[in-house]
Amino acid sequence: MGLVYLLSTLAGLACLVLLDRRYRLFLWRKPGAAALVLLCGVGFFLLWDTAGIRLNIFHRGETPIMTGLLLAPELPLEELFFLIFLCYVTMILFTLLLAWLTSRHAEESEERP
């Protein structure tokens, strides 16, 4: 049962990858730039987590659905994959919103004489 959280996060991440691949929203649109953005986002949140841990703000909760593997004190393995998921879903939603606004603007421009 110790893999439930990690596997569910990986399943959600896999669904995002399939959605992204199908519609070329983020990583499949510009792979190099997207990977850099994703890496920067995950790096930022890892630094954020590290600062929170050092300031004694964040603590690792003990639950039976987690692996118990730590990347650093108080930083579980699952957190890394959650941060990747968080940044990836944010960028997919951002690119979807941008595409929608762009198409809406184009439609409005066509309607004007």
# chains A, B, ... in the order shown; residues from 1 in each chain; ligands from 1
call {"tool": "residues_around", "arguments": {"residues": "Leu25 of chain A", "least_positions_apart": "5", "cutoff": "12 Å", "atoms": "only C-alpha atoms", "output": "PyMOL selection string"}}
result
chain A and resi 16-20+30-31+34+88-100
call {"tool": "write_last_selection", "arguments": {"atoms": "N, CA and C atoms", "output": "mmCIF file, in the first residue's frame"}}
result
data_model
loop_
_atom_site.group_PDB
_atom_site.id
_atom_site.type_symbol
_atom_site.label_atom_id
_atom_site.label_comp_id
_atom_site.auth_asym_id
_atom_site.auth_seq_id
_atom_site.Cartn_x
_atom_site.Cartn_y
_atom_site.Cartn_z
ATOM 1 N N LEU A 16 -1.377 13.563 -18.315
ATOM 2 C CA LEU A 16 -0.985 14.876 -18.823
ATOM 3 C C LEU A 16 -0.082 14.751 -20.043
ATOM 4 N N VAL A 17 0.837 13.811 -19.998
ATOM 5 C CA VAL A 17 1.744 13.593 -21.131
ATOM 6 C C VAL A 17 0.947 13.185 -22.372
ATOM 7 N N LEU A 18 -0.024 12.295 -22.204
ATOM 8 C CA LEU A 18 -0.855 11.874 -23.336
ATOM 9 C C LEU A 18 -1.672 13.036 -23.887
ATOM 10 N N LEU A 19 -2.246 13.836 -23.015
ATOM 11 C CA LEU A 19 -3.010 15.008 -23.437
ATOM 12 C C LEU A 19 -2.111 15.999 -24.167
ATOM 13 N N ASP A 20 -0.940 16.226 -23.619
ATOM 14 C CA ASP A 20 0.018 17.142 -24.229
ATOM 15 C C ASP A 20 0.462 16.634 -25.591
ATOM 16 N N LYS A 30 7.229 22.918 -28.169
ATOM 17 C CA LYS A 30 8.633 23.375 -28.190
ATOM 18 C C LYS A 30 9.357 22.637 -27.078
ATOM 19 N N PRO A 31 9.849 21.430 -27.346
ATOM 20 C CA PRO A 31 10.396 20.570 -26.291
ATOM 21 C C PRO A 31 11.522 21.189 -25.472
ATOM 22 N N ALA A 34 10.186 24.169 -23.343
ATOM 23 C CA ALA A 34 9.233 23.652 -22.359
ATOM 24 C C ALA A 34 9.945 22.893 -21.245
ATOM 25 N N TYR A 88 3.627 20.980 -14.601
ATOM 26 C CA TYR A 88 3.189 20.527 -15.922
ATOM 27 C C TYR A 88 1.722 20.884 -16.160
ATOM 28 N N VAL A 89 0.864 20.607 -15.191
ATOM 29 C CA VAL A 89 -0.558 20.917 -15.367
ATOM 30 C C VAL A 89 -0.765 22.430 -15.461
ATOM 31 N N THR A 90 0.027 23.193 -14.723
ATOM 32 C CA THR A 90 -0.074 24.646 -14.796
ATOM 33 C C THR A 90 0.274 25.142 -16.188
ATOM 34 N N MET A 91 1.348 24.617 -16.769
ATOM 35 C CA MET A 91 1.746 25.060 -18.102
ATOM 36 C C MET A 91 0.767 24.597 -19.180
ATOM 37 N N ILE A 92 0.190 23.425 -19.017
ATOM 38 C CA ILE A 92 -0.820 22.970 -19.973
ATOM 39 C C ILE A 92 -2.045 23.875 -19.898
ATOM 40 N N LEU A 93 -2.492 24.196 -18.691
ATOM 41 C CA LEU A 93 -3.634 25.096 -18.541
ATOM 42 C C LEU A 93 -3.317 26.486 -19.084
ATOM 43 N N PHE A 94 -2.104 26.954 -18.865
ATOM 44 C CA PHE A 94 -1.697 28.252 -19.393
ATOM 45 C C PHE A 94 -1.731 28.254 -20.921
ATOM 46 N N THR A 95 -1.176 27.228 -21.546
ATOM 47 C CA THR A 95 -1.155 27.197 -23.007
ATOM 48 C C THR A 95 -2.566 27.019 -23.583
ATOM 49 N N LEU A 96 -3.424 26.263 -22.885
ATOM 50 C CA LEU A 96 -4.821 26.142 -23.318
ATOM 51 C C LEU A 96 -5.527 27.492 -23.248
ATOM 52 N N LEU A 97 -5.337 28.215 -22.153
ATOM 53 C CA LEU A 97 -5.951 29.530 -22.003
ATOM 54 C C LEU A 97 -5.431 30.496 -23.059
ATOM 55 N N LEU A 98 -4.144 30.466 -23.302
ATOM 56 C CA LEU A 98 -3.548 31.329 -24.313
ATOM 57 C C LEU A 98 -4.105 31.010 -25.700
ATOM 58 N N ALA A 99 -4.227 29.727 -26.032
ATOM 59 C CA ALA A 99 -4.793 29.329 -27.327
ATOM 60 C C ALA A 99 -6.245 29.769 -27.446
ATOM 61 N N TRP A 100 -7.005 29.621 -26.375
ATOM 62 C CA TRP A 100 -8.409 30.014 -26.398
ATOM 63 C C TRP A 100 -8.546 31.519 -26.587
#
call {"tool": "residues_around", "arguments": {"residues": "Leu3 of chain A", "least_positions_apart": "5", "cutoff": "7 Å", "atoms": "only C-alpha atoms", "output": "number ranges by chain"}}
result
A: 65-67
call {"tool": "write_last_selection", "arguments": {"atoms": "N, CA and C atoms", "output": "mmCIF file, in the first residue's frame"}}
result
data_model
loop_
_atom_site.group_PDB
_atom_site.id
_atom_site.type_symbol
_atom_site.label_atom_id
_atom_site.label_comp_id
_atom_site.auth_asym_id
_atom_site.auth_seq_id
_atom_site.Cartn_x
_atom_site.Cartn_y
_atom_site.Cartn_z
ATOM 1 N N ILE A 65 0.150 5.319 2.740
ATOM 2 C CA ILE A 65 0.072 5.295 1.270
ATOM 3 C C ILE A 65 1.329 5.847 0.608
ATOM 4 N N MET A 66 2.315 6.284 1.397
ATOM 5 C CA MET A 66 3.557 6.818 0.848
ATOM 6 C C MET A 66 4.678 5.791 0.981
ATOM 7 N N THR A 67 5.683 5.922 0.132
ATOM 8 C CA THR A 67 6.779 4.944 0.116
ATOM 9 C C THR A 67 7.673 5.029 1.339
#
call {"tool": "select_by_dssp", "arguments": {"residues": "chain A", "states": "strand (DSSP E or B)", "output": "list of chain:residue names"}}
result
A:Leu70, A:Leu71, A:Ala72, A:Leu75, A:Pro76
call {"tool": "closest_atom_pairs", "arguments": {"of": "segment 37-63 of chain A", "to": "segment 69-81 of chain A", "cutoff": "9 Å", "atoms": "only C-alpha atoms", "output": "Markdown table"}}
result
| residue | atom | partner | partner_atom | distance |
| --- | --- | --- | --- | --- |
| A:Val42 | CA | A:Leu80 | CA | 7.8 |
| A:Leu46 | CA | A:Leu80 | CA | 7.6 |
| A:Asp49 | CA | A:Leu75 | CA | 7.8 |
| A:Thr50 | CA | A:Leu75 | CA | 7.9 |
| A:Ile53 | CA | A:Glu74 | CA | 6.7 |
| A:Phe58 | CA | A:Glu74 | CA | 7.7 |
| A:His59 | CA | A:Glu74 | CA | 5.8 |
| A:Arg60 | CA | A:Glu74 | CA | 4.9 |
| A:Gly61 | CA | A:Glu74 | CA | 8.5 |
call {"tool": "residues_around", "arguments": {"residues": "Gly43 of chain A", "least_positions_apart": "4", "cutoff": "10 Å", "atoms": "only C-alpha atoms", "output": "list in words"}}
result
Val37, Leu38, Leu39, Leu47, Trp48, Asp49, Leu80, Leu83 and Ile84 of chain A
call {"tool": "write_last_selection", "arguments": {"atoms": "N, CA and C atoms", "output": "JSON list (two decimals), in the first residue's frame"}}
result
[["chain", "number", "residue", "atom", "x", "y", "z"],
["A", 37, "VAL", "N", 11.49, 25.43, -18.92],
["A", 37, "VAL", "CA", 10.46, 26.06, -18.08],
["A", 37, "VAL", "C", 10.03, 25.10, -16.97],
["A", 38, "LEU", "N", 9.80, 23.85, -17.34],
["A", 38, "LEU", "CA", 9.39, 22.84, -16.36],
["A", 38, "LEU", "C", 10.47, 22.63, -15.30],
["A", 39, "LEU", "N", 11.71, 22.54, -15.73],
["A", 39, "LEU", "CA", 12.84, 22.38, -14.81],
["A", 39, "LEU", "C", 12.97, 23.58, -13.87],
["A", 47, "LEU", "N", 13.31, 24.49, -4.05],
["A", 47, "LEU", "CA", 13.97, 25.47, -3.18],
["A", 47, "LEU", "C", 12.98, 26.00, -2.14],
["A", 48, "TRP", "N", 11.76, 26.23, -2.56],
["A", 48, "TRP", "CA", 10.70, 26.69, -1.65],
["A", 48, "TRP", "C", 10.48, 25.66, -0.54],
["A", 49, "ASP", "N", 10.36, 24.39, -0.94],
["A", 49, "ASP", "CA", 10.18, 23.32, 0.05],
["A", 49, "ASP", "C", 11.38, 23.23, 0.99],
["A", 80, "LEU", "N", 8.66, 15.28, -5.20],
["A", 80, "LEU", "CA", 9.28, 15.60, -6.48],
["A", 80, "LEU", "C", 8.31, 15.37, -7.63],
["A", 83, "LEU", "N", 5.49, 17.90, -7.63],
["A", 83, "LEU", "CA", 5.91, 19.20, -8.14],
["A", 83, "LEU", "C", 6.01, 19.19, -9.66],
["A", 84, "ILE", "N", 6.49, 18.08, -10.23],
["A", 84, "ILE", "CA", 6.52, 17.95, -11.68],
["A", 84, "ILE", "C", 5.09, 18.01, -12.22]]
call {"tool": "closest_residue", "arguments": {"among": "A:Phe82, A:Leu101, A:Glu111, A:Met1", "to": "Gly41 of chain A", "atoms": "only C-alpha atoms"}}
result
A:Phe82
call {"tool": "atom_distance", "arguments": {"atom1": "atom CA of Arg21 of chain A", "atom2": "atom CA of Leu36 of chain A"}}
result
17.4 Å
call {"tool": "select_by_dssp", "arguments": {"residues": "segment 3-71 of chain A", "states": "alpha helix (DSSP H)", "output": "ChimeraX atom specification"}}
result
/A:4-23,31-54
call {"tool": "write_last_selection", "arguments": {"atoms": "C-alpha atoms", "output": "PDB file, in the first residue's frame"}}
result
ATOM      1  CA  VAL A   4      -0.519   4.391  -3.726  1.00  0.00           C
ATOM      2  CA  TYR A   5       0.320   8.098  -3.641  1.00  0.00           C
ATOM      3  CA  LEU A   6       3.346   7.782  -5.918  1.00  0.00           C
ATOM      4  CA  LEU A   7       1.509   5.598  -8.439  1.00  0.00           C
ATOM      5  CA  SER A   8      -1.535   7.874  -8.516  1.00  0.00           C
ATOM      6  CA  THR A   9       0.689  10.895  -9.076  1.00  0.00           C
ATOM      7  CA  LEU A  10       2.540   9.061 -11.866  1.00  0.00           C
ATOM      8  CA  ALA A  11      -0.790   8.017 -13.417  1.00  0.00           C
ATOM      9  CA  GLY A  12      -1.953  11.637 -13.432  1.00  0.00           C
ATOM     10  CA  LEU A  13       1.367  12.694 -14.923  1.00  0.00           C
ATOM     11  CA  ALA A  14       1.042  10.044 -17.638  1.00  0.00           C
ATOM     12  CA  CYS A  15      -2.421  11.371 -18.500  1.00  0.00           C
ATOM     13  CA  LEU A  16      -0.985  14.876 -18.823  1.00  0.00           C
ATOM     14  CA  VAL A  17       1.744  13.593 -21.131  1.00  0.00           C
ATOM     15  CA  LEU A  18      -0.855  11.874 -23.336  1.00  0.00           C
ATOM     16  CA  LEU A  19      -3.010  15.008 -23.437  1.00  0.00           C
ATOM     17  CA  ASP A  20       0.018  17.142 -24.229  1.00  0.00           C
ATOM     18  CA  ARG A  21       1.179  14.789 -26.960  1.00  0.00           C
ATOM     19  CA  ARG A  22      -2.270  14.606 -28.541  1.00  0.00           C
ATOM     20  CA  TYR A  23      -2.797  18.371 -28.706  1.00  0.00           C
ATOM     21  CA  PRO A  31      10.396  20.570 -26.291  1.00  0.00           C
ATOM     22  CA  GLY A  32      13.615  22.384 -25.388  1.00  0.00           C
ATOM     23  CA  ALA A  33      12.018  25.572 -24.098  1.00  0.00           C
ATOM     24  CA  ALA A  34       9.233  23.652 -22.359  1.00  0.00           C
ATOM     25  CA  ALA A  35      11.673  21.345 -20.584  1.00  0.00           C
ATOM     26  CA  LEU A  36      13.634  24.369 -19.379  1.00  0.00           C
ATOM     27  CA  VAL A  37      10.464  26.059 -18.080  1.00  0.00           C
ATOM     28  CA  LEU A  38       9.389  22.837 -16.360  1.00  0.00           C
ATOM     29  CA  LEU A  39      12.837  22.379 -14.810  1.00  0.00           C
ATOM     30  CA  CYS A  40      12.879  25.982 -13.550  1.00  0.00           C
ATOM     31  CA  GLY A  41       9.417  25.612 -12.032  1.00  0.00           C
ATOM     32  CA  VAL A  42      10.252  22.358 -10.277  1.00  0.00           C
ATOM     33  CA  GLY A  43      13.586  23.793  -9.130  1.00  0.00           C
ATOM     34  CA  PHE A  44      11.852  26.860  -7.695  1.00  0.00           C
ATOM     35  CA  PHE A  45       9.374  24.762  -5.737  1.00  0.00           C
ATOM     36  CA  LEU A  46      12.102  22.424  -4.493  1.00  0.00           C
ATOM     37  CA  LEU A  47      13.967  25.469  -3.178  1.00  0.00           C
ATOM     38  CA  TRP A  48      10.698  26.687  -1.653  1.00  0.00           C
ATOM     39  CA  ASP A  49      10.180  23.318   0.047  1.00  0.00           C
ATOM     40  CA  THR A  50      13.785  23.260   1.262  1.00  0.00           C
ATOM     41  CA  ALA A  51      13.417  26.738   2.752  1.00  0.00           C
ATOM     42  CA  GLY A  52      10.156  25.721   4.427  1.00  0.00           C
ATOM     43  CA  ILE A  53      11.765  22.595   5.848  1.00  0.00           C
ATOM     44  CA  ARG A  54      14.792  24.509   7.158  1.00  0.00           C
TER      45      ARG A  54
END
call {"tool": "atom_distance", "arguments": {"atom1": "atom CA of Pro64 of chain A", "atom2": "atom CA of Phe85 of chain A"}}
result
21.4 Å
